[in-house]
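Here's target-v9.tsv, which has TSV, C-alpha atoms and all ligand atoms:
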```tsv
chain	number	residue	atom	x	y	z
A	1	MET	CA	44.04	-37.53	-0.58
A	2	SER	CA	43.01	-33.90	-0.41
A	3	PHE	CA	45.11	-31.10	-1.84
A	4	LEU	CA	46.09	-29.67	1.53
A	5	GLU	CA	46.36	-32.11	4.43
A	6	ILE	CA	47.05	-30.97	7.97
A	7	THR	CA	47.49	-33.99	10.21
A	8	GLY	CA	47.80	-34.14	13.98
A	9	VAL	CA	49.31	-30.70	14.33
A	10	ARG	CA	50.24	-29.44	17.76
A	11	LYS	CA	52.21	-26.31	18.54
A	12	ALA	CA	53.70	-25.25	21.83
A	13	PHE	CA	55.70	-22.16	22.64
A	14	GLY	CA	57.77	-23.23	25.61
A	15	PRO	CA	55.38	-24.72	28.15
A	16	THR	CA	52.28	-23.23	26.50
A	17	THR	CA	50.36	-25.29	23.96
A	18	VAL	CA	48.59	-22.91	21.58
A	19	VAL	CA	47.33	-25.40	18.94
A	20	GLN	CA	46.47	-29.05	19.43
A	21	GLY	CA	44.71	-31.90	17.69
A	22	PHE	CA	44.48	-30.03	14.41
A	23	ASP	CA	43.41	-32.30	11.53
A	24	LEU	CA	42.07	-30.80	8.35
A	25	SER	CA	41.77	-31.83	4.70
A	26	VAL	CA	41.18	-29.04	2.22
A	27	GLU	CA	40.14	-29.85	-1.33
A	28	ARG	CA	41.72	-28.18	-4.35
A	29	GLY	CA	40.01	-24.85	-5.01
A	30	GLU	CA	38.27	-24.82	-1.65
A	31	PHE	CA	37.95	-21.64	0.45
A	32	VAL	CA	38.28	-22.49	4.14
A	33	SER	CA	38.17	-19.98	7.00
A	34	PHE	CA	39.75	-20.32	10.43
A	35	LEU	CA	37.35	-18.44	12.68
A	36	GLY	CA	37.79	-17.76	16.36
A	37	PRO	CA	38.41	-15.13	19.00
A	38	SER	CA	41.73	-13.41	19.47
A	39	GLY	CA	44.43	-15.74	20.79
A	40	CYS	CA	42.71	-19.01	19.79
A	41	GLY	CA	45.65	-20.04	17.60
A	42	LYS	CA	44.36	-19.38	14.09
A	43	THR	CA	47.31	-17.23	13.01
A	44	THR	CA	49.74	-19.75	14.47
A	45	MET	CA	48.04	-22.50	12.45
A	46	LEU	CA	48.21	-20.39	9.28
A	47	ARG	CA	51.90	-19.67	9.91
A	48	ILE	CA	52.50	-23.40	10.27
A	49	VAL	CA	50.93	-23.97	6.85
A	50	ALA	CA	53.05	-21.12	5.48
A	51	GLY	CA	56.22	-22.50	7.04
A	52	PHE	CA	56.94	-19.50	9.30
A	53	GLU	CA	56.46	-21.75	12.32
A	54	SER	CA	57.24	-25.43	12.56
A	55	PRO	CA	54.76	-27.60	14.40
A	56	SER	CA	55.77	-29.35	17.63
A	57	ALA	CA	54.05	-32.43	16.18
A	58	GLY	CA	52.15	-33.32	13.04
A	59	THR	CA	52.54	-32.80	9.32
A	60	VAL	CA	51.44	-30.48	6.52
A	61	ARG	CA	51.07	-31.85	2.99
A	62	ILE	CA	50.40	-29.83	-0.14
A	63	GLY	CA	49.56	-31.67	-3.35
A	64	GLY	CA	50.67	-34.94	-1.79
A	65	GLU	CA	54.09	-33.55	-0.83
A	66	ASP	CA	55.15	-33.39	2.82
A	67	VAL	CA	56.16	-29.74	3.25
A	68	THR	CA	56.46	-29.80	7.06
A	69	ASP	CA	60.21	-29.20	6.95
A	70	LEU	CA	60.30	-26.98	3.87
A	71	ALA	CA	61.16	-23.27	4.11
A	72	PRO	CA	58.27	-20.88	3.31
A	73	ASN	CA	59.73	-19.87	-0.05
A	74	ALA	CA	59.97	-23.50	-1.14
A	75	ARG	CA	56.28	-24.21	-0.49
A	76	ARG	CA	54.80	-22.20	-3.35
A	77	ILE	CA	52.25	-20.43	-1.21
A	78	GLY	CA	51.03	-16.83	-1.43
A	79	MET	CA	50.22	-14.80	1.63
A	80	VAL	CA	48.38	-11.56	2.42
A	81	PHE	CA	48.63	-10.03	5.88
A	82	GLN	CA	46.40	-7.77	7.91
A	83	ALA	CA	48.74	-4.80	8.06
A	84	TYR	CA	49.72	-3.30	4.78
A	85	ALA	CA	52.84	-5.22	4.09
A	86	LEU	CA	53.75	-3.73	0.73
A	87	PHE	CA	57.35	-2.62	0.31
A	88	PRO	CA	57.04	1.16	0.85
A	89	ASN	CA	60.08	2.01	-1.24
A	90	MET	CA	58.86	0.14	-4.31
A	91	ASN	CA	56.10	1.19	-6.66
A	92	VAL	CA	53.08	-1.01	-7.26
A	93	ALA	CA	54.52	-2.75	-10.32
A	94	ASP	CA	57.75	-3.60	-8.49
A	95	ASN	CA	55.79	-4.84	-5.48
A	96	VAL	CA	53.73	-7.18	-7.64
A	97	ALA	CA	56.82	-8.28	-9.60
A	98	PHE	CA	58.81	-9.06	-6.45
A	99	GLY	CA	58.12	-12.79	-6.24
A	100	LEU	CA	58.44	-13.18	-9.99
A	101	LYS	CA	61.88	-11.57	-9.96
A	102	ILE	CA	63.04	-13.90	-7.19
A	103	ALA	CA	61.73	-16.82	-9.22
A	104	GLY	CA	63.93	-15.64	-12.08
A	105	MET	CA	61.16	-14.75	-14.53
A	106	ALA	CA	62.37	-12.78	-17.56
A	107	ARG	CA	61.58	-9.08	-17.61
A	108	ALA	CA	59.09	-9.05	-20.50
A	109	GLU	CA	57.12	-11.94	-19.06
A	110	ARG	CA	57.21	-10.30	-15.65
A	111	GLU	CA	55.83	-7.04	-16.98
A	112	ALA	CA	53.03	-8.87	-18.73
A	113	ARG	CA	52.15	-10.81	-15.57
A	114	VAL	CA	52.14	-7.63	-13.47
A	115	ASP	CA	49.71	-6.02	-15.91
A	116	GLU	CA	47.52	-9.11	-15.89
A	117	MET	CA	47.47	-9.24	-12.06
A	118	LEU	CA	46.67	-5.54	-11.70
A	119	ARG	CA	43.83	-5.94	-14.19
A	120	LEU	CA	42.56	-8.92	-12.18
A	121	VAL	CA	42.37	-6.87	-8.98
A	122	GLY	CA	40.85	-3.92	-10.82
A	123	LEU	CA	43.84	-1.58	-10.48
A	124	PRO	CA	45.51	-1.28	-13.89
A	125	HIS	CA	45.95	2.47	-13.43
A	126	VAL	CA	48.07	2.47	-10.24
A	127	ARG	CA	51.08	0.67	-11.72
A	128	ASP	CA	53.56	3.48	-11.06
A	129	ARG	CA	52.24	4.68	-7.73
A	130	TYR	CA	53.87	4.07	-4.36
A	131	PRO	CA	51.99	2.40	-1.50
A	132	TYR	CA	51.54	5.70	0.40
A	133	GLN	CA	49.62	7.03	-2.63
A	134	LEU	CA	47.01	4.27	-2.34
A	135	SER	CA	43.96	3.82	-0.12
A	136	GLY	CA	43.91	0.93	2.35
A	137	GLY	CA	41.62	-1.10	0.10
A	138	GLN	CA	43.86	-0.49	-2.92
A	139	GLN	CA	46.93	-1.52	-0.92
A	140	GLN	CA	45.30	-4.80	0.03
A	141	ARG	CA	44.33	-5.44	-3.59
A	142	VAL	CA	47.94	-4.86	-4.62
A	143	ALA	CA	49.04	-7.20	-1.81
A	144	LEU	CA	46.64	-9.77	-3.24
A	145	ALA	CA	48.03	-9.25	-6.75
A	146	ARG	CA	51.54	-9.71	-5.37
A	147	ALA	CA	50.53	-12.91	-3.58
A	148	ILE	CA	48.89	-14.55	-6.60
A	149	ALA	CA	51.36	-13.39	-9.27
A	150	PRO	CA	53.75	-16.35	-8.83
A	151	LYS	CA	50.78	-18.76	-9.19
A	152	PRO	CA	50.99	-20.21	-5.68
A	153	ARG	CA	49.45	-23.59	-4.88
A	154	VAL	CA	47.77	-22.25	-1.78
A	155	LEU	CA	46.71	-18.72	-0.87
A	156	LEU	CA	46.87	-17.79	2.82
A	157	LEU	CA	45.01	-14.69	3.97
A	158	ASP	CA	45.57	-13.45	7.51
A	159	GLU	CA	42.77	-11.02	8.41
A	160	PRO	CA	43.39	-9.07	5.20
A	161	LEU	CA	40.27	-6.94	5.61
A	162	SER	CA	40.32	-6.09	9.29
A	163	ALA	CA	42.08	-2.74	8.92
A	164	LEU	CA	39.63	-1.43	6.32
A	165	ASP	CA	36.42	0.62	6.49
A	166	ALA	CA	33.22	-1.37	6.79
A	167	LYS	CA	32.01	-0.61	3.28
A	168	ILE	CA	35.29	-1.46	1.55
A	169	ARG	CA	35.57	-4.57	3.68
A	170	VAL	CA	32.27	-5.86	2.34
A	171	SER	CA	33.05	-5.10	-1.30
A	172	LEU	CA	36.55	-6.57	-1.03
A	173	ARG	CA	35.09	-9.74	0.48
A	174	GLU	CA	33.16	-10.27	-2.71
A	175	GLU	CA	36.11	-9.36	-4.92
A	176	ILE	CA	38.45	-11.74	-3.13
A	177	ARG	CA	35.95	-14.56	-3.34
A	178	GLU	CA	35.28	-13.93	-7.04
A	179	LEU	CA	38.98	-13.87	-7.83
A	180	GLN	CA	39.60	-16.99	-5.76
A	181	ARG	CA	36.84	-18.82	-7.62
A	182	ALA	CA	38.04	-17.62	-11.02
A	183	LEU	CA	41.60	-18.78	-10.30
A	184	GLY	CA	40.43	-21.94	-8.53
A	185	ILE	CA	43.10	-21.39	-5.90
A	186	THR	CA	42.96	-23.32	-2.62
A	187	THR	CA	42.61	-20.68	0.08
A	188	ILE	CA	42.77	-20.40	3.85
A	189	PHE	CA	41.37	-17.25	5.34
A	190	VAL	CA	41.93	-16.28	8.97
A	191	THR	CA	39.34	-14.05	10.59
A	192	HIS	CA	37.70	-13.30	13.91
A	193	ASP	CA	34.72	-11.82	12.06
A	194	GLN	CA	31.91	-14.37	11.88
A	195	GLU	CA	30.05	-12.48	9.18
A	196	GLU	CA	33.14	-12.52	6.98
A	197	ALA	CA	33.60	-16.24	7.51
A	198	LEU	CA	29.92	-17.04	6.92
A	199	SER	CA	29.66	-14.98	3.76
A	200	MET	CA	32.90	-16.07	2.07
A	201	SER	CA	33.70	-19.65	2.98
A	202	ASP	CA	33.02	-23.07	1.52
A	203	ARG	CA	33.82	-24.39	4.98
A	204	ILE	CA	34.63	-22.83	8.32
A	205	VAL	CA	36.89	-24.19	11.05
A	206	VAL	CA	35.70	-22.66	14.33
A	207	MET	CA	38.57	-22.55	16.81
A	208	SER	CA	38.66	-21.92	20.52
A	209	ASP	CA	41.63	-22.17	22.83
A	210	GLY	CA	43.88	-23.88	20.30
A	211	ARG	CA	41.35	-26.56	19.39
A	212	MET	CA	39.01	-27.11	16.46
A	213	GLU	CA	35.51	-26.72	17.87
A	214	GLN	CA	33.67	-27.54	14.66
A	215	VAL	CA	34.29	-27.82	10.93
A	216	GLY	CA	31.42	-27.33	8.52
A	217	THR	CA	29.75	-25.26	5.84
A	218	PRO	CA	28.49	-21.84	6.93
A	219	PHE	CA	24.96	-23.28	6.90
A	220	GLU	CA	25.94	-26.16	9.18
A	221	ILE	CA	27.95	-24.01	11.55
A	222	TYR	CA	25.15	-21.49	11.92
A	223	ASN	CA	22.24	-23.91	12.14
A	224	ARG	CA	23.84	-26.94	13.75
A	225	PRO	CA	26.38	-25.61	16.20
A	226	ARG	CA	27.93	-28.48	18.12
A	227	SER	CA	28.76	-26.56	21.24
A	228	ARG	CA	27.60	-23.61	23.23
A	229	PHE	CA	30.80	-21.85	22.17
A	230	VAL	CA	30.03	-22.23	18.45
A	231	ALA	CA	26.37	-21.36	18.97
A	232	SER	CA	27.19	-18.11	20.69
A	233	PHE	CA	30.33	-17.13	18.74
A	234	VAL	CA	28.74	-17.53	15.32
A	235	GLY	CA	25.73	-15.35	14.75
A	236	THR	CA	23.59	-13.72	17.38
A	237	LEU	CA	21.84	-15.78	19.96
A	238	SER	CA	19.47	-15.05	22.82
A	239	LEU	CA	19.75	-17.30	25.86
A	240	LEU	CA	16.76	-18.03	28.07
A	241	GLU	CA	17.20	-19.54	31.50
A	242	GLY	CA	14.27	-21.71	32.52
A	243	ARG	CA	13.15	-24.73	34.46
A	244	THR	CA	11.57	-27.83	32.97
A	245	VAL	CA	8.05	-28.86	33.93
A	246	ILE	CA	6.00	-31.86	32.89
A	247	GLY	CA	5.08	-32.35	29.24
A	248	GLU	CA	8.02	-30.91	27.30
A	249	ARG	CA	7.37	-27.51	28.80
A	250	VAL	CA	9.73	-24.98	30.31
A	251	VAL	CA	8.98	-22.08	32.62
A	252	VAL	CA	10.78	-18.91	31.62
A	253	ALA	CA	10.20	-15.74	33.62
A	254	GLY	CA	7.09	-17.24	35.17
A	255	GLN	CA	5.56	-18.19	31.81
A	256	GLU	CA	5.26	-21.64	30.29
A	257	ILE	CA	6.52	-22.39	26.81
A	258	GLU	CA	6.84	-25.55	24.79
A	259	ALA	CA	10.39	-26.73	24.18
A	260	GLU	CA	12.11	-30.04	23.76
A	261	THR	CA	14.71	-30.53	26.48
A	262	PRO	CA	16.34	-33.88	25.80
A	263	GLY	CA	18.46	-35.17	28.65
A	264	HIS	CA	16.71	-33.01	31.24
A	265	GLY	CA	14.43	-34.34	33.95
A	266	VAL	CA	11.45	-32.46	35.33
A	267	GLY	CA	12.42	-29.55	37.58
A	268	GLU	CA	15.90	-29.10	36.12
A	269	ALA	CA	17.45	-25.79	35.12
A	270	VAL	CA	17.82	-25.45	31.37
A	271	THR	CA	19.28	-22.94	28.93
A	272	LEU	CA	17.41	-22.36	25.69
A	273	ALA	CA	18.93	-20.59	22.69
A	274	LEU	CA	17.10	-18.69	19.97
A	275	ARG	CA	18.26	-16.90	16.82
A	276	PRO	CA	16.80	-13.39	16.33
A	277	GLU	CA	15.22	-14.31	13.00
A	278	ALA	CA	13.32	-17.21	14.59
A	279	VAL	CA	11.30	-14.89	16.83
A	280	SER	CA	8.29	-12.90	15.68
A	281	LEU	CA	6.11	-10.28	17.28
A	282	VAL	CA	2.62	-11.55	17.96
A	283	THR	CA	-0.12	-9.41	16.53
A	284	SER	CA	-3.06	-11.78	16.96
A	285	ARG	CA	-4.09	-14.01	19.83
A	286	GLU	CA	-4.06	-17.42	18.27
A	287	ARG	CA	-0.38	-18.32	18.38
A	288	SER	CA	0.92	-20.62	21.02
A	289	ASN	CA	4.41	-20.58	22.51
A	290	ARG	CA	4.33	-16.97	23.48
A	291	LEU	CA	6.18	-14.90	26.02
A	292	THR	CA	5.00	-11.51	27.17
A	293	GLY	CA	7.44	-8.87	28.31
A	294	GLU	CA	8.65	-5.36	27.59
A	295	ILE	CA	10.56	-3.69	24.77
A	296	ALA	CA	14.02	-2.79	26.12
A	297	ASP	CA	15.50	-1.31	22.99
A	298	VAL	CA	14.89	-0.90	19.26
A	299	ALA	CA	17.70	-0.60	16.72
A	300	PHE	CA	16.62	0.51	13.28
A	301	LEU	CA	19.20	-1.06	10.96
A	302	GLY	CA	17.52	-0.23	7.65
A	303	SER	CA	16.04	-3.32	6.07
A	304	VAL	CA	16.02	-5.06	9.44
A	305	VAL	CA	14.69	-3.74	12.74
A	306	ARG	CA	16.37	-5.44	15.72
A	307	ILE	CA	14.30	-5.37	18.88
A	308	ARG	CA	15.58	-6.27	22.32
A	309	ALA	CA	12.76	-7.43	24.58
A	310	ARG	CA	12.97	-8.24	28.28
A	311	PHE	CA	11.23	-11.11	30.03
A	312	GLY	CA	12.16	-11.00	33.70
A	313	GLU	CA	15.92	-11.67	33.80
A	314	ASN	CA	15.94	-12.84	30.19
A	315	GLU	CA	16.38	-10.87	27.00
A	316	ILE	CA	15.42	-11.93	23.51
A	317	LEU	CA	16.56	-10.29	20.29
A	318	ILE	CA	13.99	-10.18	17.54
A	319	ASP	CA	14.78	-9.35	13.92
A	320	THR	CA	11.88	-8.10	11.88
A	321	PHE	CA	11.91	-6.70	8.38
A	322	ASN	CA	11.32	-2.99	8.05
A	323	ASP	CA	7.72	-2.23	7.13
A	324	PRO	CA	7.34	1.35	5.85
A	325	ALA	CA	3.68	1.32	6.91
A	326	THR	CA	4.37	0.34	10.53
A	327	PRO	CA	6.75	2.30	12.75
A	328	PRO	CA	8.84	0.15	15.10
A	329	PRO	CA	7.50	-0.31	18.66
A	330	GLU	CA	8.49	2.11	21.40
A	331	ARG	CA	10.85	1.32	24.26
A	332	GLY	CA	8.97	0.31	27.37
A	333	ALA	CA	5.92	-0.91	25.43
A	334	ALA	CA	4.46	-4.31	26.28
A	335	VAL	CA	5.32	-6.98	23.76
A	336	THR	CA	4.38	-10.58	23.08
A	337	VAL	CA	6.71	-12.73	21.03
A	338	HIS	CA	6.27	-16.11	19.43
A	339	PHE	CA	8.74	-18.76	18.35
A	340	SER	CA	8.29	-22.28	17.13
A	341	PRO	CA	9.44	-25.03	19.52
A	342	ALA	CA	11.45	-26.37	16.59
A	343	ASP	CA	13.49	-23.17	16.55
A	344	ILE	CA	14.59	-23.50	20.14
A	345	GLN	CA	17.92	-25.09	20.89
A	346	CYS	CA	18.40	-26.65	24.27
A	347	LEU	CA	21.94	-26.09	25.53
A	348	ASP	CA	23.40	-28.30	28.18
A	349	ALA	CA	24.72	-25.95	30.82
A	350	ALA	CA	27.11	-28.52	32.26
A	351	THR	CA	28.95	-29.59	29.10
A	352	GLY	CA	28.23	-26.70	26.78
A	353	ALA	CA	27.03	-29.22	24.22
A	354	SER	CA	23.91	-28.53	22.24
A	355	HIS	CA	21.50	-31.43	22.11
A	356	ARG	CA	19.92	-30.84	18.80
A	357	PRO	CA	20.32	-28.79	15.68
A	358	LEU	CA	19.12	-25.26	15.74
A	359	ALA	CA	15.72	-25.22	14.30
A	360	ARG	CA	14.91	-24.91	10.67
A	361	ALA	CA	17.97	-26.77	9.54
A	362	ALA	CA	16.64	-29.80	11.35
A	363	VAL	CA	14.00	-30.17	8.70
A	364	ALA	CA	16.59	-29.38	6.04
A	365	SER	CA	14.69	-26.39	4.78
A	366	ALA	CA	16.22	-24.63	1.81
A	367	GLU	CA	15.21	-21.32	3.28
A	368	PRO	CA	18.03	-18.77	3.13
A	369	VAL	CA	19.49	-17.93	6.49
A	370	ALA	CA	19.70	-14.26	7.37
A	371	VAL	CA	23.08	-13.38	8.81
A	401	LIG	N1	56.10	-16.65	19.04
A	401	LIG	C1	55.28	-16.84	20.07
A	401	LIG	N2	55.77	-17.10	21.30
A	401	LIG	C2	54.97	-17.31	22.35
A	401	LIG	N3	53.63	-17.32	22.29
A	401	LIG	C3	53.07	-17.07	21.09
A	401	LIG	C4	53.86	-16.82	19.93
A	401	LIG	N4	53.01	-16.61	18.88
A	401	LIG	C5	51.77	-16.72	19.38
A	401	LIG	N5	51.78	-16.99	20.70
A	401	LIG	C6	50.62	-17.21	21.56
A	401	LIG	O1	49.83	-18.22	20.99
A	401	LIG	C7	48.46	-17.96	21.18
A	401	LIG	C8	47.74	-17.99	19.85
A	401	LIG	O2	48.15	-16.90	19.07
A	401	LIG	P1	47.63	-16.63	17.61
A	401	LIG	O3	48.27	-15.37	17.10
A	401	LIG	O4	47.80	-17.85	16.81
A	401	LIG	O5	46.09	-16.38	17.88
A	401	LIG	P2	45.00	-15.78	16.91
A	401	LIG	O6	43.82	-16.62	17.07
A	401	LIG	O7	45.53	-15.63	15.56
A	401	LIG	O8	44.74	-14.38	17.56
A	401	LIG	P3	44.68	-12.93	16.87
A	401	LIG	O9	43.37	-12.88	16.14
A	401	LIG	O10	44.73	-12.02	18.04
A	401	LIG	O11	45.87	-12.85	15.97
A	401	LIG	C9	48.37	-16.62	21.88
A	401	LIG	O12	48.16	-16.86	23.25
A	401	LIG	C10	49.72	-16.00	21.63
A	401	LIG	O13	50.06	-15.14	22.69
```

Transcribe the structure of this file into structure tokens.
Amino acid sequence: MSFLEITGVRKAFGPTTVVQGFDLSVERGEFVSFLGPSGCGKTTMLRIVAGFESPSAGTVRIGGEDVTDLAPNARRIGMVFQAYALFPNMNVADNVAFGLKIAGMARAEREARVDEMLRLVGLPHVRDRYPYQLSGGQQQRVALARAIAPKPRVLLLDEPLSALDAKIRVSLREEIRELQRALGITTIFVTHDQEEALSMSDRIVVMSDGRMEQVGTPFEIYNRPRSRFVASFVGTLSLLEGRTVIGERVVVAGQEIEAETPGHGVGEAVTLALRPEAVSLVTSRERSNRLTGEIADVAFLGSVVRIRARFGENEILIDTFNDPATPPPERGAAVTVHFSPADIQCLDAATGASHRPLARAAVASAEPVAV
């Protein structure tokens, strides 16, 4: 049995079911993200694990113990919320000591643990400050120190980074992950930010409309999305609308390309999906599987240049690495792009299912995936 077992959980508020068919086993020390758009039920699921909501059906087990009917404070979990939830009238040390005091820890031991926790989150110098004297990032680090001080069995993080500046968000991601690894604490992290989930998680649960769409490692979720929803929610994807012709070929914007379209007969409409990093600009004539169109937009992102090219009604995003010797193409310029047939994913318009893994992963390449 896994350390945290969520079995058959369903949750309804009145007539509205907001979570259903939720089954998940989390190993000890694992970092699992619940990823999905606003309203998909991820916070509700986290609150069920925490004990703030009771499920309409199903059970939650931690360390083999059925905690479904236990109050939150009896579950030995730690939680960090999105909004700064520090007690404003207490200084940092008292905030971090809060759970320890409730647990009846002696003063000297408490003080030592507070110091240890503040060192762990890199804030030994803010001990006597009040929350309003801290930056947003510092407040969240104190909230993290407060959550882990009582040595919880499970750490629950509800969008803890979403109120912070982009730069701090990225550095705190790494800090949280490092700390989580060092402590070996089983963690569930709720986010609607796919980059956050991809970069931090051992596994991701992608949720939509109260259901689990897919569970997998970031690599699996990105490269082998099981549904159109997962394919388009996680990462960036260009969709091409085409029509199949004889010989594994598809006509897109009046041009023929090679693409496998399993399950589609000749003459059928088909949707093809492509990741931006799978497309390259063609500089010589020899490459097959090309489409010619026009540059619609160029975004210079620094190390990566993201180009939006138009092919009739279709648009393709292309990520190329910055080359200091070659300025990016101009808007309106003609462009020819190339992609390998293996990098094309054929989506089934009717069911939203994807027929085959996205590209490179299919050959189990160890190539790092740009996010
Ligand atoms: N106490 C409640 N009573 C009634 N409906 C609720 C309650 N709590 C949540 N809901 C509804 O349940 C659905 C899922 O909400 P939940 O907060 O779990 O989604 P979420 O994925 O976490 O979204 P967000 O990222 O916006 O927080 C929403 O439609 C929400 O309105």

Two-atom distance - CA of Thr59 in chain A, CA of Ala85 in chain A (Å):
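For CA of Thr59 in chain A relative to CA of Ala85 in chain A, the distance reads 28.1 Å.
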
Proximity check range 141-183 of chain A to range 37-52 of chain A, 10 Å, nearest pairs one decimal Å, only C-alpha atoms, as CSV:
```
residue,atom,partner,partner_atom,distance
A:Val154,CA,A:Ala50,CA,9.0
A:Leu155,CA,A:Ala50,CA,9.3
A:Leu156,CA,A:Leu46,CA,7.1
A:Leu157,CA,A:Leu46,CA,8.4
A:Asp158,CA,A:Thr43,CA,6.9
A:Glu159,CA,A:Thr43,CA,9.0
```

Around all listed atoms of range 250-267 of chain A, padded 3 Å per side, what centre and edge lengths does the axis-aligned box have in Å to one decimal, as lines of an AutoDock Vina configuration file?
```
center_x = 11.9
center_y = -25.5
center_z = 30.7
size_x = 19.2
size_y = 25.4
size_z = 19.8
```

Between A:Leu237, A:Ala143, A:Leu291, A:Leu301, which is the closest to Phe81 in chain A once you count all atoms listed in the file?
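Distance minimum relative to Phe81 in chain A lands on A:Ala143.
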
Pairwise distance, CA of Val270 in chain A with CA of Arg243 in chain A, equals 5.6 Å

Name all residues at most 12 Å from Glu65 in chain A (count only C-alpha atoms; drop same-chain ones fewer than 6 positions away) and give them as a PyMOL selection string.
chain A and resi 1-6+59+74-76+153

Have a look at CA of Arg141 in chain A and CA of Pro124 in chain A and let me know their distance in Å, one decimal.
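CA of Pro124 in chain A lies 11.2 Å from CA of Arg141 in chain A.
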
Please determine, counting only C-alpha atoms and all ligand atoms, which residue among A:Val121, A:Met212, A:Ile62, A:Val92 has the shortest atom-to-atom distance to ligand LIG 401 (chain A).
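Comparing A:Val121, A:Met212, A:Ile62, A:Val92 against ligand LIG 401 (chain A), the winner is A:Met212.
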
Using all atoms listed in the file, which of A:Leu239, A:Leu123, A:Leu198, A:Val250 sits nearest Phe219 in chain A?
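For Phe219 in chain A, the nearest of the candidates is A:Leu198.
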
Excluding same-chain residues fewer than 4 positions from range 100-108 of chain A, what lies within 12 Å of it counting all atoms listed in the file, as a PyMOL selection string?
chain A and resi 73-74+76+78+93-96+112-115+117+145-152

Top pick for closest residue to Thr320 in chain A, considering A:Thr217, A:Gln140, A:Ser280, A:Gln180 and counting all atoms listed in the file:
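Looking at the shortest contact to Thr320 in chain A, the residue is A:Ser280.
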
Neighbourhood query: residues within 8 Å of (54.3, 2.0, -14.3), file coordinates, counting all atoms listed in the file; return as a list in words.
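Protein and nucleic acid residues near the point are Asn91, Val92, Ala93, Val126, Arg127, Asp128 and Arg129 of chain A.
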
Nearest residue to Gln255 in chain A out of A:Glu111, A:Glu241, A:Glu175, A:Asp66, using all atoms listed in the file?
A:Glu241

Just the residues within 6 Å of Thr244 in chain A, please, counting all atoms listed in the file, with nothing from its chain fewer than 4 positions along; format it as a PDB file with C-alpha atoms, keeping the file's coordinate frame.
```
ATOM      1  CA  ARG A 249       7.370 -27.510  28.800  1.00  0.00           C
ATOM      2  CA  VAL A 250       9.730 -24.980  30.310  1.00  0.00           C
ATOM      3  CA  VAL A 266      11.450 -32.460  35.330  1.00  0.00           C
ATOM      4  CA  GLY A 267      12.420 -29.550  37.580  1.00  0.00           C
ATOM      5  CA  GLU A 268      15.900 -29.100  36.120  1.00  0.00           C
TER       6      GLU A 268
END
```

Find the residue from A:Gln139, A:Gln20, A:Thr191, A:Ser54 that sits nearest to ligand LIG 401 (chain A); use all atoms listed in the file when measuring.
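Result for the nearest residue to ligand LIG 401 (chain A): A:Thr191.
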
Quick one: residues within 12 Å of Asp297 in chain A, only C-alpha atoms, excluding same-chain residues fewer than 4 positions away - as a PDB file with C-alpha atoms, keeping the file's coordinate frame?
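Wrote it out as result_17.pdb, contents follow:
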```
ATOM      1  CA  VAL A 305      14.690  -3.740  12.740  1.00  0.00           C
ATOM      2  CA  ARG A 306      16.370  -5.440  15.720  1.00  0.00           C
ATOM      3  CA  ILE A 307      14.300  -5.370  18.880  1.00  0.00           C
ATOM      4  CA  ARG A 308      15.580  -6.270  22.320  1.00  0.00           C
ATOM      5  CA  ALA A 309      12.760  -7.430  24.580  1.00  0.00           C
ATOM      6  CA  ARG A 310      12.970  -8.240  28.280  1.00  0.00           C
ATOM      7  CA  GLU A 315      16.380 -10.870  27.000  1.00  0.00           C
ATOM      8  CA  ILE A 316      15.420 -11.930  23.510  1.00  0.00           C
ATOM      9  CA  LEU A 317      16.560 -10.290  20.290  1.00  0.00           C
ATOM     10  CA  ILE A 318      13.990 -10.180  17.540  1.00  0.00           C
ATOM     11  CA  PRO A 328       8.840   0.150  15.100  1.00  0.00           C
ATOM     12  CA  PRO A 329       7.500  -0.310  18.660  1.00  0.00           C
ATOM     13  CA  GLU A 330       8.490   2.110  21.400  1.00  0.00           C
ATOM     14  CA  ARG A 331      10.850   1.320  24.260  1.00  0.00           C
ATOM     15  CA  GLY A 332       8.970   0.310  27.370  1.00  0.00           C
ATOM     16  CA  ALA A 333       5.920  -0.910  25.430  1.00  0.00           C
ATOM     17  CA  ALA A 334       4.460  -4.310  26.280  1.00  0.00           C
ATOM     18  CA  VAL A 335       5.320  -6.980  23.760  1.00  0.00           C
TER      19      VAL A 335
END
```

Using only C-alpha atoms, determine which residues lie at most 10 Å from Leu240 in chain A, disregarding the query and same-chain residues fewer than 4 positions distant; provide the list as a list of chain:residue names.
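Listing them by chain and then by number gives A:Val251, A:Val252, A:Ala253, A:Val270, A:Thr271, A:Leu272, A:Ala273, A:Leu274, A:Phe311, A:Glu313, A:Asn314, A:Glu315, A:Ile316, A:Ile344, A:Cys346, A:Leu347.
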
Since the input is missing atoms for range 224-228 of chain A, could you rebuild it with N, CA and C atoms and give the result as a short mmCIF file (atom, residue, chain, number, x, y, z; two decimals), in the coordinates of the input?
```
data_model
loop_
_atom_site.label_atom_id
_atom_site.label_comp_id
_atom_site.auth_asym_id
_atom_site.auth_seq_id
_atom_site.Cartn_x
_atom_site.Cartn_y
_atom_site.Cartn_z
N ARG A 224 23.61 -25.75 12.94
CA ARG A 224 23.84 -26.94 13.75
C ARG A 224 25.10 -26.80 14.57
N PRO A 225 25.18 -25.77 15.38
CA PRO A 225 26.38 -25.61 16.20
C PRO A 225 26.51 -26.78 17.16
N ARG A 226 27.74 -27.29 17.28
CA ARG A 226 27.93 -28.48 18.12
C ARG A 226 28.17 -28.15 19.57
N SER A 227 28.47 -26.90 19.84
CA SER A 227 28.76 -26.56 21.24
C SER A 227 28.19 -25.19 21.54
N ARG A 228 28.09 -24.92 22.81
CA ARG A 228 27.60 -23.61 23.23
C ARG A 228 28.54 -22.53 22.70
#
```
